[in-house]
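Below is the file input11.pdb, which contains PDB, C-alpha atoms and all ligand atoms.
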ATOM      1  CA  MET A   1       1.130   9.272   8.598
ATOM      2  CA  VAL A   2      -0.135  11.917   6.194
ATOM      3  CA  ASP A   3      -2.868  14.450   6.628
ATOM      4  CA  GLY A   4      -5.962  12.973   5.106
ATOM      5  CA  LEU A   5      -5.680   9.410   6.387
ATOM      6  CA  ARG A   6      -6.194   8.485  10.034
ATOM      7  CA  VAL A   7      -5.078   5.036  11.154
ATOM      8  CA  GLU A   8      -6.217   3.682  14.521
ATOM      9  CA  VAL A   9      -5.471   0.204  15.742
ATOM     10  CA  ASP A  10      -7.576  -0.978  18.664
ATOM     11  CA  GLY A  11      -6.966  -4.580  19.609
ATOM     12  CA  ALA A  12      -7.108  -6.643  16.440
ATOM     13  CA  VAL A  13      -9.098  -4.070  14.463
ATOM     14  CA  ALA A  14      -7.507  -1.348  12.341
ATOM     15  CA  THR A  15      -9.755   1.538  11.390
ATOM     16  CA  LEU A  16      -8.630   3.604   8.416
ATOM     17  CA  THR A  17     -10.471   6.893   8.127
ATOM     18  CA  LEU A  18     -10.220   8.996   4.990
ATOM     19  CA  ASP A  19      -9.975  12.387   6.595
ATOM     20  CA  ARG A  20     -10.319  15.364   4.289
ATOM     21  CA  PRO A  21     -13.943  16.194   5.082
ATOM     22  CA  GLU A  22     -13.740  19.658   3.500
ATOM     23  CA  ALA A  23     -13.246  17.922   0.115
ATOM     24  CA  LEU A  24     -15.536  14.984   0.906
ATOM     25  CA  ASN A  25     -12.414  12.869   1.469
ATOM     26  CA  ALA A  26     -11.400  13.089  -2.181
ATOM     27  CA  LEU A  27      -8.166  11.248  -2.839
ATOM     28  CA  THR A  28      -4.935  13.166  -3.341
ATOM     29  CA  VAL A  29      -1.603  11.588  -4.264
ATOM     30  CA  PRO A  30      -0.265  11.590  -0.673
ATOM     31  CA  VAL A  31      -3.474   9.995   0.629
ATOM     32  CA  LYS A  32      -3.440   7.349  -2.097
ATOM     33  CA  VAL A  33       0.184   6.510  -1.383
ATOM     34  CA  ALA A  34      -0.464   6.372   2.363
ATOM     35  CA  LEU A  35      -3.554   4.222   1.923
ATOM     36  CA  ARG A  36      -1.685   1.762  -0.238
ATOM     37  CA  GLU A  37       1.279   1.589   2.139
ATOM     38  CA  THR A  38      -0.984   1.229   5.160
ATOM     39  CA  LEU A  39      -2.952  -1.607   3.574
ATOM     40  CA  GLU A  40       0.235  -3.388   2.517
ATOM     41  CA  GLY A  41       1.666  -2.946   6.015
ATOM     42  CA  ILE A  42      -1.466  -4.386   7.598
ATOM     43  CA  ALA A  43      -1.411  -7.328   5.179
ATOM     44  CA  ALA A  44       1.950  -8.310   6.663
ATOM     45  CA  ASP A  45       0.900  -7.655  10.281
ATOM     46  CA  ARG A  46      -0.692 -10.662  11.896
ATOM     47  CA  SER A  47      -1.771  -8.697  14.950
ATOM     48  CA  VAL A  48      -4.413  -6.951  12.815
ATOM     49  CA  ARG A  49      -7.249  -9.305  11.965
ATOM     50  CA  VAL A  50      -9.863  -6.974  10.483
ATOM     51  CA  VAL A  51      -9.838  -3.608   8.730
ATOM     52  CA  ILE A  52     -12.603  -1.012   8.753
ATOM     53  CA  LEU A  53     -12.438   1.628   6.036
ATOM     54  CA  THR A  54     -14.575   4.731   6.532
ATOM     55  CA  GLY A  55     -14.693   8.472   5.970
ATOM     56  CA  ALA A  56     -14.692  11.533   8.220
ATOM     57  CA  GLY A  57     -17.578  13.985   8.059
ATOM     58  CA  ARG A  58     -20.517  13.560   5.716
ATOM     59  CA  ALA A  59     -18.794  11.593   2.935
ATOM     60  CA  PHE A  60     -17.154   8.226   2.534
ATOM     61  CA  CYS A  61     -15.010   9.345  -0.408
ATOM     62  CA  ALA A  62     -15.615  11.530  -3.478
ATOM     63  CA  GLY A  63     -13.033   9.690  -5.575
ATOM     64  CA  GLN A  64     -10.133  11.404  -7.258
ATOM     65  CA  ASP A  65      -9.484  14.924  -5.943
ATOM     66  CA  LEU A  66     -10.465  16.914  -8.999
ATOM     67  CA  ALA A  67      -8.657  20.083  -7.862
ATOM     68  CA  GLU A  68      -5.402  18.145  -7.875
ATOM     69  CA  ARG A  69      -5.989  17.150 -11.489
ATOM     70  CA  GLU A  70      -5.828  20.831 -12.459
ATOM     71  CA  GLY A  71      -2.312  21.213 -11.087
ATOM     72  CA  PRO A  72       0.742  21.193 -13.356
ATOM     73  CA  ASP A  73       2.086  17.969 -11.861
ATOM     74  CA  ALA A  74      -0.978  15.823 -12.536
ATOM     75  CA  ALA A  75       0.055  12.506 -14.062
ATOM     76  CA  PRO A  76      -1.800  11.211 -17.137
ATOM     77  CA  LEU A  77      -4.998   9.448 -16.110
ATOM     78  CA  GLU A  78      -3.791   6.035 -17.199
ATOM     79  CA  THR A  79      -0.608   6.410 -15.156
ATOM     80  CA  GLU A  80      -2.563   7.649 -12.145
ATOM     81  CA  LEU A  81      -4.752   4.566 -12.287
ATOM     82  CA  ARG A  82      -1.971   2.066 -12.911
ATOM     83  CA  GLU A  83       0.378   3.481 -10.304
ATOM     84  CA  ARG A  84      -1.898   4.854  -7.592
ATOM     85  CA  PHE A  85      -5.493   3.617  -7.678
ATOM     86  CA  ASN A  86      -5.103   0.054  -8.939
ATOM     87  CA  PRO A  87      -2.530  -0.942  -6.293
ATOM     88  CA  ILE A  88      -4.980   0.158  -3.577
ATOM     89  CA  ILE A  89      -7.702  -2.032  -5.035
ATOM     90  CA  ARG A  90      -5.258  -4.953  -5.368
ATOM     91  CA  ALA A  91      -4.117  -4.489  -1.766
ATOM     92  CA  VAL A  92      -7.692  -4.659  -0.459
ATOM     93  CA  ARG A  93      -8.431  -7.774  -2.485
ATOM     94  CA  SER A  94      -5.210  -9.638  -1.808
ATOM     95  CA  MET A  95      -4.795  -9.041   1.917
ATOM     96  CA  GLY A  96      -5.846 -11.949   4.108
ATOM     97  CA  GLN A  97      -7.791  -9.797   6.546
ATOM     98  CA  PRO A  98     -11.416  -8.977   5.759
ATOM     99  CA  VAL A  99     -11.982  -5.317   4.913
ATOM    100  CA  ILE A 100     -15.292  -3.755   5.939
ATOM    101  CA  ALA A 101     -16.393  -0.560   4.210
ATOM    102  CA  ALA A 102     -18.371   1.499   6.709
ATOM    103  CA  VAL A 103     -19.976   3.770   4.134
ATOM    104  CA  ASN A 104     -20.925   6.796   6.197
ATOM    105  CA  GLY A 105     -22.017   9.087   3.361
ATOM    106  CA  VAL A 106     -21.609   9.702  -0.332
ATOM    107  CA  ALA A 107     -19.225   7.383  -2.190
ATOM    108  CA  ALA A 108     -18.482   8.790  -5.633
ATOM    109  CA  GLY A 109     -16.235   7.868  -8.540
ATOM    110  CA  ALA A 110     -13.230   5.886  -7.393
ATOM    111  CA  GLY A 111     -14.556   6.320  -3.840
ATOM    112  CA  ALA A 112     -17.482   4.099  -4.822
ATOM    113  CA  SER A 113     -15.048   1.658  -6.467
ATOM    114  CA  LEU A 114     -13.088   1.516  -3.232
ATOM    115  CA  ALA A 115     -16.230   0.573  -1.321
ATOM    116  CA  PHE A 116     -17.076  -2.066  -3.958
ATOM    117  CA  ALA A 117     -13.623  -3.605  -3.548
ATOM    118  CA  CYS A 118     -14.121  -4.199   0.170
ATOM    119  CA  ASP A 119     -15.270  -7.600   1.379
ATOM    120  CA  LEU A 120     -18.284  -6.283   3.276
ATOM    121  CA  ARG A 121     -20.270  -3.052   3.053
ATOM    122  CA  VAL A 122     -22.282  -1.605   5.912
ATOM    123  CA  ALA A 123     -23.908   1.698   5.046
ATOM    124  CA  ALA A 124     -25.407   4.585   6.966
ATOM    125  CA  ALA A 125     -28.929   5.530   5.945
ATOM    126  CA  GLU A 126     -27.446   8.783   4.579
ATOM    127  CA  ALA A 127     -24.990   6.956   2.306
ATOM    128  CA  ARG A 128     -25.319   7.031  -1.450
ATOM    129  CA  PHE A 129     -23.290   5.706  -4.338
ATOM    130  CA  VAL A 130     -22.621   7.946  -7.327
ATOM    131  CA  LEU A 131     -20.878   6.628 -10.421
ATOM    132  CA  ALA A 132     -19.786  10.189 -11.087
ATOM    133  CA  PHE A 133     -17.386   9.310 -13.878
ATOM    134  CA  GLY A 134     -19.679   9.917 -16.863
ATOM    135  CA  ARG A 135     -20.446  13.486 -15.806
ATOM    136  CA  ILE A 136     -16.779  14.366 -16.211
ATOM    137  CA  GLY A 137     -16.362  12.383 -19.429
ATOM    138  CA  LEU A 138     -14.639   9.383 -17.898
ATOM    139  CA  ILE A 139     -15.409   5.707 -17.526
ATOM    140  CA  PRO A 140     -15.930   3.830 -14.248
ATOM    141  CA  ASP A 141     -12.496   2.765 -13.056
ATOM    142  CA  SER A 142     -10.572   1.386 -10.085
ATOM    143  CA  GLY A 143     -12.336  -1.938 -10.551
ATOM    144  CA  ALA A 144     -15.898  -0.586 -10.811
ATOM    145  CA  THR A 145     -16.635  -2.347 -14.121
ATOM    146  CA  TRP A 146     -15.349  -5.612 -12.667
ATOM    147  CA  PHE A 147     -17.015  -5.435  -9.255
ATOM    148  CA  LEU A 148     -20.423  -4.089 -10.239
ATOM    149  CA  PRO A 149     -21.676  -6.939 -12.456
ATOM    150  CA  ARG A 150     -20.381  -9.435  -9.915
ATOM    151  CA  LEU A 151     -22.060  -7.678  -7.001
ATOM    152  CA  ILE A 152     -25.411  -6.715  -8.526
ATOM    153  CA  GLY A 153     -25.644  -8.486 -11.920
ATOM    154  CA  ALA A 154     -24.951  -7.318 -15.447
ATOM    155  CA  SER A 155     -28.245  -5.526 -16.021
ATOM    156  CA  ARG A 156     -28.149  -3.253 -12.984
ATOM    157  CA  ALA A 157     -24.400  -2.791 -13.371
ATOM    158  CA  ALA A 158     -24.948  -1.455 -16.890
ATOM    159  CA  GLU A 159     -27.645   0.934 -15.682
ATOM    160  CA  LEU A 160     -25.480   2.213 -12.880
ATOM    161  CA  ALA A 161     -22.372   2.561 -15.008
ATOM    162  CA  LEU A 162     -24.028   4.075 -18.090
ATOM    163  CA  VAL A 163     -26.870   6.164 -16.627
ATOM    164  CA  GLY A 164     -25.119   6.986 -13.387
ATOM    165  CA  ASP A 165     -28.091   7.949 -11.197
ATOM    166  CA  PRO A 166     -27.168   8.043  -7.519
ATOM    167  CA  VAL A 167     -28.091   4.898  -5.595
ATOM    168  CA  ALA A 168     -29.507   5.655  -2.149
ATOM    169  CA  ALA A 169     -28.711   3.382   0.784
ATOM    170  CA  ASP A 170     -32.076   1.605   0.843
ATOM    171  CA  GLU A 171     -31.849   0.903  -2.900
ATOM    172  CA  ALA A 172     -28.251  -0.255  -2.444
ATOM    173  CA  LEU A 173     -29.508  -2.712   0.154
ATOM    174  CA  ARG A 174     -32.327  -3.906  -2.084
ATOM    175  CA  ILE A 175     -30.016  -4.672  -5.012
ATOM    176  CA  GLY A 176     -27.309  -6.215  -2.842
ATOM    177  CA  LEU A 177     -24.702  -3.494  -3.222
ATOM    178  CA  VAL A 178     -24.466  -3.289   0.571
ATOM    179  CA  HIS A 179     -25.448  -5.953   3.048
ATOM    180  CA  ARG A 180     -26.735  -3.766   5.857
ATOM    181  CA  VAL A 181     -28.051  -0.235   6.342
ATOM    182  CA  VAL A 182     -28.134   1.314   9.798
ATOM    183  CA  PRO A 183     -28.877   4.787  11.196
ATOM    184  CA  GLY A 184     -25.851   7.043  10.736
ATOM    185  CA  ASP A 185     -25.165   7.357  14.447
ATOM    186  CA  ALA A 186     -25.044   3.558  14.780
ATOM    187  CA  LEU A 187     -22.669   2.944  11.865
ATOM    188  CA  GLY A 188     -19.461   3.022  13.909
ATOM    189  CA  SER A 189     -20.707   0.603  16.535
ATOM    190  CA  GLU A 190     -22.319  -1.668  13.949
ATOM    191  CA  ALA A 191     -19.117  -1.869  11.903
ATOM    192  CA  ARG A 192     -17.077  -2.429  15.040
ATOM    193  CA  ALA A 193     -19.401  -5.209  16.252
ATOM    194  CA  LEU A 194     -19.029  -6.932  12.891
ATOM    195  CA  ALA A 195     -15.258  -6.435  12.997
ATOM    196  CA  ASP A 196     -15.082  -7.891  16.505
ATOM    197  CA  ARG A 197     -16.984 -10.980  15.380
ATOM    198  CA  LEU A 198     -14.584 -11.447  12.487
ATOM    199  CA  ALA A 199     -11.603 -10.757  14.747
ATOM    200  CA  ALA A 200     -12.684 -13.686  16.914
ATOM    201  CA  SER A 201     -12.702 -15.994  13.875
ATOM    202  CA  ALA A 202      -9.715 -18.050  12.739
ATOM    203  CA  PRO A 203      -7.499 -15.711  10.671
ATOM    204  CA  VAL A 204      -6.112 -18.410   8.377
ATOM    205  CA  ALA A 205      -9.610 -19.675   7.608
ATOM    206  CA  LEU A 206     -10.790 -16.114   6.923
ATOM    207  CA  ALA A 207      -7.872 -15.500   4.575
ATOM    208  CA  MET A 208      -8.483 -18.804   2.767
ATOM    209  CA  THR A 209     -12.226 -18.054   2.524
ATOM    210  CA  LYS A 210     -11.426 -14.687   1.009
ATOM    211  CA  ALA A 211      -9.032 -16.330  -1.442
ATOM    212  CA  ALA A 212     -11.579 -19.024  -2.376
ATOM    213  CA  LEU A 213     -14.287 -16.425  -3.049
ATOM    214  CA  GLU A 214     -11.859 -14.389  -5.117
ATOM    215  CA  HIS A 215     -10.851 -17.366  -7.243
ATOM    216  CA  ALA A 216     -14.438 -18.562  -7.627
ATOM    217  CA  TRP A 217     -15.285 -15.364  -9.506
ATOM    218  CA  GLU A 218     -12.954 -16.467 -12.254
ATOM    219  CA  MET A 219     -13.306 -20.231 -12.297
ATOM    220  CA  ASP A 220     -15.701 -22.944 -13.398
ATOM    221  CA  LEU A 221     -17.090 -25.394 -10.823
ATOM    222  CA  GLU A 222     -14.389 -28.002 -11.399
ATOM    223  CA  ALA A 223     -11.568 -25.541 -10.860
ATOM    224  CA  SER A 224     -13.380 -24.027  -7.906
ATOM    225  CA  LEU A 225     -13.825 -27.419  -6.214
ATOM    226  CA  SER A 226     -10.134 -28.058  -6.687
ATOM    227  CA  GLU A 227      -9.133 -24.651  -5.348
ATOM    228  CA  GLU A 228     -11.419 -25.062  -2.323
ATOM    229  CA  ALA A 229      -9.765 -28.401  -1.589
ATOM    230  CA  ARG A 230      -6.300 -26.857  -1.817
ATOM    231  CA  LEU A 231      -7.194 -23.907   0.432
ATOM    232  CA  GLN A 232      -8.987 -26.205   2.871
ATOM    233  CA  GLY A 233      -5.767 -28.156   3.060
ATOM    234  CA  VAL A 234      -4.007 -24.993   4.197
ATOM    235  CA  ALA A 235      -6.721 -24.160   6.756
ATOM    236  CA  GLY A 236      -6.769 -27.759   7.936
ATOM    237  CA  ARG A 237      -3.052 -27.661   8.753
ATOM    238  CA  SER A 238      -3.452 -24.562  10.944
ATOM    239  CA  ALA A 239      -3.242 -24.722  14.724
ATOM    240  CA  ASP A 240      -6.538 -22.837  14.773
ATOM    241  CA  HIS A 241      -8.299 -25.791  13.156
ATOM    242  CA  ALA A 242      -6.987 -28.044  15.923
ATOM    243  CA  GLU A 243      -8.083 -25.459  18.491
ATOM    244  CA  GLY A 244     -11.534 -25.275  16.877
ATOM    245  CA  LEU A 245     -11.943 -29.035  17.167
ATOM    246  CA  THR A 246     -10.705 -29.073  20.766
ATOM    247  CA  ALA A 247     -13.017 -26.204  21.719
ATOM    248  CA  PHE A 248     -15.939 -28.040  20.129
ATOM    249  CA  ARG A 249     -15.153 -31.195  22.123
ATOM    250  CA  GLU A 250     -14.741 -29.177  25.325
ATOM    251  CA  LYS A 251     -17.926 -27.194  24.651
ATOM    252  CA  ARG A 252     -16.205 -23.802  24.980
ATOM    253  CA  PRO A 253     -15.571 -20.888  22.618
ATOM    254  CA  PRO A 254     -12.380 -21.317  20.562
ATOM    255  CA  ARG A 255      -9.348 -19.109  21.180
ATOM    256  CA  PHE A 256      -7.807 -18.594  17.773
ATOM    257  CA  THR A 257      -4.241 -17.353  17.558
ATOM    258  CA  GLY A 258      -3.739 -17.115  13.809
ATOM    259  CA  GLU A 259      -1.183 -19.937  13.829
TER
HETATM  260  C1  LIG A 301     -14.392  17.709  -4.183
HETATM  261  C2  LIG A 301     -14.650  16.489  -4.831
HETATM  262  C3  LIG A 301     -13.598  15.901  -5.570
HETATM  263  C4  LIG A 301     -12.243  17.693  -4.958
HETATM  264  C5  LIG A 301     -16.443  17.101  -3.861
HETATM  265  N1  LIG A 301     -12.411  16.516  -5.590
HETATM  266  N2  LIG A 301     -13.191  18.305  -4.246
HETATM  267  C6  LIG A 301      -9.011   8.321 -11.686
HETATM  268  C7  LIG A 301      -7.832   8.683 -12.358
HETATM  269  C8  LIG A 301      -7.442  10.022 -12.484
HETATM  270  C9  LIG A 301      -8.222  11.062 -12.589
HETATM  271  C10 LIG A 301      -9.592  11.056 -12.630
HETATM  272  O1  LIG A 301     -10.339  10.223 -11.827
HETATM  273  C11 LIG A 301     -10.156   8.966 -11.489
HETATM  274  C12 LIG A 301     -11.243   8.298 -10.808
HETATM  275  C13 LIG A 301     -12.337   9.151 -10.244
HETATM  276  O2  LIG A 301     -12.583   9.110  -9.076
HETATM  277  S1  LIG A 301     -13.233  10.111 -11.323
HETATM  278  C14 LIG A 301     -14.519  10.759 -10.321
HETATM  279  C15 LIG A 301     -14.065  11.889  -9.454
HETATM  280  N3  LIG A 301     -15.118  12.288  -8.567
HETATM  281  C16 LIG A 301     -16.174  13.019  -8.941
HETATM  282  O3  LIG A 301     -16.365  13.372 -10.085
HETATM  283  C17 LIG A 301     -17.129  13.424  -7.842
HETATM  284  C18 LIG A 301     -17.216  14.928  -7.752
HETATM  285  N4  LIG A 301     -18.121  15.296  -6.693
HETATM  286  C19 LIG A 301     -19.440  15.293  -6.807
HETATM  287  O4  LIG A 301     -20.014  14.911  -7.811
HETATM  288  C20 LIG A 301     -20.210  15.777  -5.638
HETATM  289  O5  LIG A 301     -19.387  16.560  -4.836
HETATM  290  C21 LIG A 301     -20.800  14.627  -4.785
HETATM  291  C22 LIG A 301     -21.911  13.917  -5.576
HETATM  292  C23 LIG A 301     -19.731  13.627  -4.365
HETATM  293  C24 LIG A 301     -21.405  15.218  -3.497
HETATM  294  O6  LIG A 301     -22.263  16.284  -3.838
HETATM  295  P1  LIG A 301     -22.723  17.317  -2.694
HETATM  296  O7  LIG A 301     -23.191  16.556  -1.520
HETATM  297  O8  LIG A 301     -23.697  18.247  -3.339
HETATM  298  O9  LIG A 301     -21.387  18.097  -2.249
HETATM  299  P2  LIG A 301     -20.616  19.257  -3.041
HETATM  300  O10 LIG A 301     -20.582  18.952  -4.484
HETATM  301  O11 LIG A 301     -21.186  20.566  -2.612
HETATM  302  O12 LIG A 301     -19.118  19.085  -2.479
HETATM  303  C25 LIG A 301     -18.724  19.613  -1.199
HETATM  304  C26 LIG A 301     -17.295  20.096  -1.321
HETATM  305  O13 LIG A 301     -16.455  18.989  -1.637
HETATM  306  C27 LIG A 301     -17.152  21.095  -2.469
HETATM  307  O14 LIG A 301     -16.165  22.028  -2.078
HETATM  308  P3  LIG A 301     -16.600  23.520  -1.605
HETATM  309  O15 LIG A 301     -15.295  24.196  -1.346
HETATM  310  O16 LIG A 301     -17.388  24.119  -2.717
HETATM  311  O17 LIG A 301     -17.408  23.302  -0.368
HETATM  312  C28 LIG A 301     -16.605  20.236  -3.575
HETATM  313  O18 LIG A 301     -15.852  20.957  -4.518
HETATM  314  C29 LIG A 301     -15.722  19.279  -2.824
HETATM  315  N5  LIG A 301     -15.531  18.047  -3.588
HETATM  316  N6  LIG A 301     -15.931  16.130  -4.608
HETATM  317  N7  LIG A 301     -13.751  14.701  -6.189
END
Would you mind writing the file out in structure tokens?
Amino acid sequence: MVDGLRVEVDGAVATLTLDRPEALNALTVPVKVALRETLEGIAADRSVRVVILTGAGRAFCAGQDLAEREGPDAAPLETELRERFNPIIRAVRSMGQPVIAAVNGVAAGAGASLAFACDLRVAAAEARFVLAFGRIGLIPDSGATWFLPRLIGASRAAELALVGDPVAADEALRIGLVHRVVPGDALGSEARALADRLAASAPVALAMTKAALEHAWEMDLEASLSEEARLQGVAGRSADHAEGLTAFREKRPPRFTGE
């Protein structure tokens, strides 16, 4: 594992911590590569049922490491996005396991996009979102223009993307950018409690739910009904569905295995 990304697996929960606090966890090439590879590895690892993504120190992630861009080896922006950032966003969206962003502090630029890409966002009261792109003459990227209107509506998305004022945690909660705000010292336990609840759910059903939500963003009702039926067929054939029914009959909590 590289410096700058800490990976801890505890039971069925993997916690990925962006860990360059001196640079507000800004993303360098090695960290981006490691994050992508870690996410892809977890996607294929059925023992991990939930992922928590967070940052060390006072930031979640300040986006692209701007110092690295000044080096002689910096790839063109388009290449950097296509080859390094976009695959991370795709990995988060396509993996079957839910990904919780535990937004511990400032999330800026592609760091904000990364939080938007996650399935759930719990934020510390100190967190804030900064669409920092405009200030350096760039556009919101890494999925930001796709996620924002879907998460908070076209009007607020345009304000955030074009004006770029920081969004404090309480405002983020009000507009639906995050679904919970907790005191900073409770963020870890809150995210873990949520992860544990998800880890006790049926993994196939979670993966199919994630897939159905993803498809619904693109489809009309008719196509969505059809896709739900198809994915329900998959969930319905799982051993966990049978276990869920048995547990219901026996009036006990289900023990899901992911089969
Ligand atoms: C940083 C960074 C940083 C390096 C703070 N890099 N050191 C994709 C494709 C390819 C290229 C371009 O980009 C992209 C996508 C993007 O992500 S573009 C957006 C890149 N990110 C930014 O523009 C954010 C830059 N940072 C900031 O605006 C501020 O630092 C924020 C608002 C995040 C936090 O402000 P403060 O709380 O006031 O902290 P600070 O500015 O004092 O930063 C603390 C340290 O972290 C400081 O270092 P120093 O040695 O002076 O203590 C910063 O230089 C360093 N840092 N962001 N992205």
message: Between A:Arg150, A:Arg90, A:Arg36, A:Arg128, which residue has the minimum interatomic distance to ligand LIG 301 (chain A), considering all atoms listed in the file?
response: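 For ligand LIG 301 (chain A), the nearest of the given residues is A:Arg128.
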With the cut-off set at 9 Å and counting all atoms listed in the file, tabulate each residue of range 118-228 of chain A with an atom at most that distance from an atom of range 99-107 of chain A, showing the nearest atom pair and its distance in Å to one decimal, ordered by chain and increasing number, as JSON lines.
{"residue": "A:Cys118", "atom": "CA", "partner": "A:Val99", "partner_atom": "CA", "distance": 5.3}
{"residue": "A:Asp119", "atom": "CA", "partner": "A:Val99", "partner_atom": "CA", "distance": 5.3}
{"residue": "A:Leu120", "atom": "CA", "partner": "A:Ile100", "partner_atom": "CA", "distance": 4.7}
{"residue": "A:Arg121", "atom": "CA", "partner": "A:Ala101", "partner_atom": "CA", "distance": 4.8}
{"residue": "A:Val122", "atom": "CA", "partner": "A:Ala102", "partner_atom": "CA", "distance": 5.1}
{"residue": "A:Ala123", "atom": "CA", "partner": "A:Val103", "partner_atom": "CA", "distance": 4.5}
{"residue": "A:Ala124", "atom": "CA", "partner": "A:Asn104", "partner_atom": "CA", "distance": 5.1}
{"residue": "A:Ala125", "atom": "CA", "partner": "A:Asn104", "partner_atom": "CA", "distance": 8.1}
{"residue": "A:Glu126", "atom": "CA", "partner": "A:Gly105", "partner_atom": "CA", "distance": 5.6}
{"residue": "A:Ala127", "atom": "CA", "partner": "A:Gly105", "partner_atom": "CA", "distance": 3.8}
{"residue": "A:Arg128", "atom": "CA", "partner": "A:Val106", "partner_atom": "CA", "distance": 4.7}
{"residue": "A:Phe129", "atom": "CA", "partner": "A:Ala107", "partner_atom": "CA", "distance": 4.9}
{"residue": "A:Val130", "atom": "CA", "partner": "A:Ala107", "partner_atom": "CA", "distance": 6.2}
{"residue": "A:Leu131", "atom": "CA", "partner": "A:Ala107", "partner_atom": "CA", "distance": 8.4}
{"residue": "A:Gly184", "atom": "CA", "partner": "A:Asn104", "partner_atom": "CA", "distance": 6.7}
{"residue": "A:Leu187", "atom": "CA", "partner": "A:Ala102", "partner_atom": "CA", "distance": 6.9}
{"residue": "A:Gly188", "atom": "CA", "partner": "A:Ala102", "partner_atom": "CA", "distance": 7.4}
{"residue": "A:Glu190", "atom": "CA", "partner": "A:Ala102", "partner_atom": "CA", "distance": 8.8}
{"residue": "A:Ala191", "atom": "CA", "partner": "A:Ala102", "partner_atom": "CA", "distance": 6.2}
{"residue": "A:Leu194", "atom": "CA", "partner": "A:Ile100", "partner_atom": "CA", "distance": 8.5}
{"residue": "A:Ala195", "atom": "CA", "partner": "A:Ile100", "partner_atom": "CA", "distance": 7.5}
message: Taking all atoms listed in the file and a cut-off of 8 Å, can you tell me which residues surround ligand LIG 301 (chain A), written as a PyMOL selection string?
response: chain A and resi 21-27+59+61-69+76-78+80-81+85+106-111+130-133+135-136+138-142
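Using all atoms listed in the file, the nearest neighbour of Leu53 in chain A within the list A:Thr246, A:Thr15, A:Thr209, A:Ser189 is A:Thr15.
For the structure shown here, the set of residues caught by the PyMOL selection byres (((chain A and resi 41-51) around 7) and not hetatm) is Ala12, Val13, Ala14, Thr15, Glu37, Thr38, Leu39, Glu40, Ile52, Leu53, Met95, Gly96, Gln97, Pro98, Val99, Ile100, Ala195, Leu198, Ala199 and Pro203 of chain A.
Interatomic distance, CA of Ala169 in chain A to CA of Val182 in chain A: 9.3 Å.
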- prompt: Which is closer to Ala239 in chain A than all the others in A:Ala216, A:Ala211, A:Ala154, A:Ala202, using only C-alpha atoms?
  reply: A:Ala202
- prompt: Which value, in Å to one decimal, gives the distance between CA of Ala207 in chain A and CA of Leu231 in chain A?
  reply: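 Answer for the CA of Ala207 in chain A to CA of Leu231 in chain A separation: 9.4 Å.
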Using 8 Å of padding on each side, determine the axis-aligned box around all atoms of range 83-91 of chain A present in the file and give its centre and edge lengths in Å to one decimal, as AutoDock Vina command-line options.
--center_x -3.7 --center_y 0.0 --center_z -6.0 --size_x 24.1 --size_y 25.8 --size_z 24.5
query: Written as number ranges by chain, which residues does the PyMOL selection byres (((chain A and resi 205) around 9) and not hetatm) give for the file shown?
result: A: 201-204, 206-210, 231-232, 234-236, 238, 240-241, 258
